[in-house]
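In what follows, a structure is listed as structure tokens, so that the remarks can point back to it.
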Amino acid sequence: MATDKTTLQKYTFLLKEFSNAHNKTLTAYDEHLIDELGGLDPKSIGRLLDELEAEFPNIEKFMQGKRKAYKLIKPIDVLEEALGTHGNLGILFSMVNESDPDMLQELEHYTKKANTIYRFISSPFEDLLSIEQKDIFRRIKTAVEYREYRKIKFIGDKEAQDNLKCLKLVFVDGNWYLVYINSEDLLKLGRINFIESVEYASKMETFQLHLVKDHLNFIDNELQNSLTLYGEEKKTALIKATPLIAKYFKEDMKKFLSSQKFIKELEDGSVIFTLEYTQALEILPFIQKWMPDLTILEPQELKEKFIRKLQSSINNHN
């Protein structure tokens, strides 16, 4: 039996034990804790854990059956919260280099000093998520990292969806999305801004990586934007760009969509290229953005759908 410890020593011991514990989770009934803390009863240990959970935002409390459990979130999440108004850029840079949090401060300092060279109409450090959404982001990030299920309620839904497999956080189309598999085994994208709450799911175990291998491959290699559908056969659209905008679609230019493929340049300066899509909505907004200088050559079905869309817009303006 361990000798008695001061309160500070008990706190320190518990914080260290989080890192050693399976899945970074402790309960007041862990025999190891009772033994090492001088025979404290579970009620006393629970009180210490409650105090730590209240003090540190990187410790989450949840119900494990009928008992309270406490989970340590990785220290980087504390960094993200501490970054305050620059939290979202902190999230982005943590993905690039979690070991160098000073990178953000250095870049922010540089942009402030360089105002004689650059002009930012909107700040590159502008928040993409509110304070509440950052907390949701942090909870989901934990679920993705540990391959855990979550119970999530989206704004507008009557009830929360239980036992969602949280696969990956994706930044696309200027927004953060959670890519998840629902209880019907369907792959979905849920925008972080539209998530009302995130809780631990009924299933407390983790899901096996091999069960979602194909889904992860889709996310990493086939997801073109937030409207790309999983499991749908890809179609190919043949597009012509007029000479006015052809330079943006030439072979050596940066692609606007990942499936974009240069085909040839015509004598009049037009450029022919292709786009792959799983549903018309995946590429029609992009084509509409370049009106009237992009023309759908084929397939006819896509061309007709686009014409109906344009006609509907004209009718709305009459």
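Chain labels run A, B, ... following the order of the structure tokens; each chain numbers its residues from 1, and ligands are numbered from 1 in the order shown.
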Contacts of stretch 239-245 of chain A at 12 Å (only C-alpha atoms; same-chain gap of 5+ positions) as number ranges by chain: A: 250, 253, 260-276, 283-284, 286-287, 290-300, 302-303
Which residues are close to A:Cys166, i.e. within 8 Å by only C-alpha atoms, leaving aside same-chain residues fewer than 6 positions away? Reply as a CSV table (one decimal) with N, CA and C atoms, in the first residue's frame.
chain,number,residue,atom,x,y,z
A,140,ILE,N,-15.1,15.9,-31.3
A,140,ILE,CA,-15.1,15.0,-32.5
A,140,ILE,C,-13.7,14.6,-32.8
A,143,ALA,N,-12.9,11.6,-30.9
A,143,ALA,CA,-13.6,10.4,-31.4
A,143,ALA,C,-12.9,9.9,-32.6
A,144,VAL,N,-12.5,10.8,-33.5
A,144,VAL,CA,-11.8,10.4,-34.7
A,144,VAL,C,-10.4,9.7,-34.4
A,147,ARG,N,-11.0,6.3,-32.8
A,147,ARG,CA,-12.0,5.5,-33.5
A,147,ARG,C,-13.1,5.1,-32.6
A,148,GLU,N,-13.8,6.1,-32.0
A,148,GLU,CA,-14.9,5.9,-31.1
A,148,GLU,C,-16.2,6.3,-31.7
A,149,TYR,N,-17.3,5.7,-31.2
A,149,TYR,CA,-18.6,6.1,-31.6
A,149,TYR,C,-19.0,7.4,-30.9
A,150,ARG,N,-19.9,8.1,-31.5
A,150,ARG,CA,-20.5,9.3,-30.8
A,150,ARG,C,-22.0,9.4,-31.1
A,178,LEU,N,-17.5,16.8,-40.6
A,178,LEU,CA,-17.2,15.5,-40.0
A,178,LEU,C,-17.7,14.5,-41.0
A,179,VAL,N,-16.8,13.6,-41.4
A,179,VAL,CA,-17.3,12.5,-42.3
A,179,VAL,C,-17.5,11.3,-41.3
A,180,TYR,N,-18.7,10.7,-41.4
A,180,TYR,CA,-19.1,9.7,-40.4
A,180,TYR,C,-19.9,8.6,-41.1
A,181,ILE,N,-20.1,7.5,-40.5
A,181,ILE,CA,-20.9,6.4,-40.9
A,181,ILE,C,-22.1,6.3,-39.9
DSSP-assigned alpha helix (DSSP H) among stretch 12-44 of chain A, expressed as a PyMOL selection string: chain A and resi 12-20+31-36+42-44
Using N, CA and C atoms, can you write the selected residues to a file as an mmCIF file, in the first residue's frame?
data_model
loop_
_atom_site.group_PDB
_atom_site.id
_atom_site.type_symbol
_atom_site.label_atom_id
_atom_site.label_comp_id
_atom_site.auth_asym_id
_atom_site.auth_seq_id
_atom_site.Cartn_x
_atom_site.Cartn_y
_atom_site.Cartn_z
ATOM 1 N N THR A 12 -1.262 15.462 -8.963
ATOM 2 C CA THR A 12 -0.161 15.182 -9.887
ATOM 3 C C THR A 12 -0.143 13.712 -10.284
ATOM 4 N N PHE A 13 -0.355 12.851 -9.300
ATOM 5 C CA PHE A 13 -0.374 11.413 -9.566
ATOM 6 C C PHE A 13 -1.494 11.056 -10.548
ATOM 7 N N LEU A 14 -2.681 11.615 -10.313
ATOM 8 C CA LEU A 14 -3.812 11.307 -11.188
ATOM 9 C C LEU A 14 -3.570 11.792 -12.610
ATOM 10 N N LEU A 15 -2.986 12.982 -12.744
ATOM 11 C CA LEU A 15 -2.706 13.503 -14.082
ATOM 12 C C LEU A 15 -1.735 12.600 -14.836
ATOM 13 N N LYS A 16 -0.751 12.070 -14.127
ATOM 14 C CA LYS A 16 0.202 11.154 -14.758
ATOM 15 C C LYS A 16 -0.482 9.837 -15.123
ATOM 16 N N GLU A 17 -1.391 9.390 -14.258
ATOM 17 C CA GLU A 17 -2.071 8.122 -14.506
ATOM 18 C C GLU A 17 -2.968 8.165 -15.733
ATOM 19 N N PHE A 18 -3.467 9.337 -16.069
ATOM 20 C CA PHE A 18 -4.272 9.464 -17.291
ATOM 21 C C PHE A 18 -3.469 9.008 -18.508
ATOM 22 N N SER A 19 -2.211 9.426 -18.547
ATOM 23 C CA SER A 19 -1.372 9.077 -19.698
ATOM 24 C C SER A 19 -1.072 7.593 -19.751
ATOM 25 N N ASN A 20 -1.042 6.945 -18.601
ATOM 26 C CA ASN A 20 -0.718 5.515 -18.554
ATOM 27 C C ASN A 20 -1.941 4.620 -18.737
ATOM 28 N N GLU A 31 -8.716 -0.136 -9.158
ATOM 29 C CA GLU A 31 -8.025 -0.673 -7.985
ATOM 30 C C GLU A 31 -6.630 -0.081 -7.833
ATOM 31 N N HIS A 32 -5.978 0.161 -8.957
ATOM 32 C CA HIS A 32 -4.627 0.734 -8.908
ATOM 33 C C HIS A 32 -4.641 2.103 -8.239
ATOM 34 N N LEU A 33 -5.643 2.918 -8.538
ATOM 35 C CA LEU A 33 -5.726 4.241 -7.935
ATOM 36 C C LEU A 33 -5.997 4.139 -6.441
ATOM 37 N N ILE A 34 -6.895 3.265 -6.060
ATOM 38 C CA ILE A 34 -7.222 3.086 -4.638
ATOM 39 C C ILE A 34 -5.984 2.668 -3.859
ATOM 40 N N ASP A 35 -5.202 1.769 -4.465
ATOM 41 C CA ASP A 35 -3.995 1.276 -3.800
ATOM 42 C C ASP A 35 -2.935 2.366 -3.668
ATOM 43 N N GLU A 36 -2.689 3.106 -4.771
ATOM 44 C CA GLU A 36 -1.619 4.100 -4.787
ATOM 45 C C GLU A 36 -1.963 5.367 -4.011
ATOM 46 N N PRO A 42 -13.500 5.108 -3.280
ATOM 47 C CA PRO A 42 -13.904 5.617 -4.596
ATOM 48 C C PRO A 42 -14.580 6.990 -4.532
ATOM 49 N N LYS A 43 -15.338 7.251 -3.482
ATOM 50 C CA LYS A 43 -16.015 8.544 -3.375
ATOM 51 C C LYS A 43 -15.005 9.678 -3.288
ATOM 52 N N SER A 44 -13.936 9.471 -2.519
ATOM 53 C CA SER A 44 -12.903 10.507 -2.365
ATOM 54 C C SER A 44 -12.119 10.689 -3.665
#
8 Å contact set for A:Lys141, only C-alpha atoms, chain neighbours under 4 positions out, as number ranges by chain: A: 137, 145, 168-169
Write a file of the selected residues as a PDB file, in the first residue's frame, keeping C-alpha atoms.
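Final file, part.pdb:
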ATOM      1  CA  PHE A 137     -14.628  20.185 -32.884  1.00  0.00           C
ATOM      2  CA  GLU A 145      -8.376   9.843 -33.129  1.00  0.00           C
ATOM      3  CA  LYS A 168     -12.286  12.049 -40.249  1.00  0.00           C
ATOM      4  CA  LEU A 169     -12.505  15.841 -40.034  1.00  0.00           C
TER       5      LEU A 169
END
All residues 10 Å or closer to A:Leu52, only C-alpha atoms, same chain fewer than 3 positions away omitted, as a VMD selection string: chain A and resid 11 to 12 14 to 15 46 to 49 55 to 60 70
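Going from atom CA of A:Ile192 over to atom CA of A:Gly156, you cover 13.5 Å.
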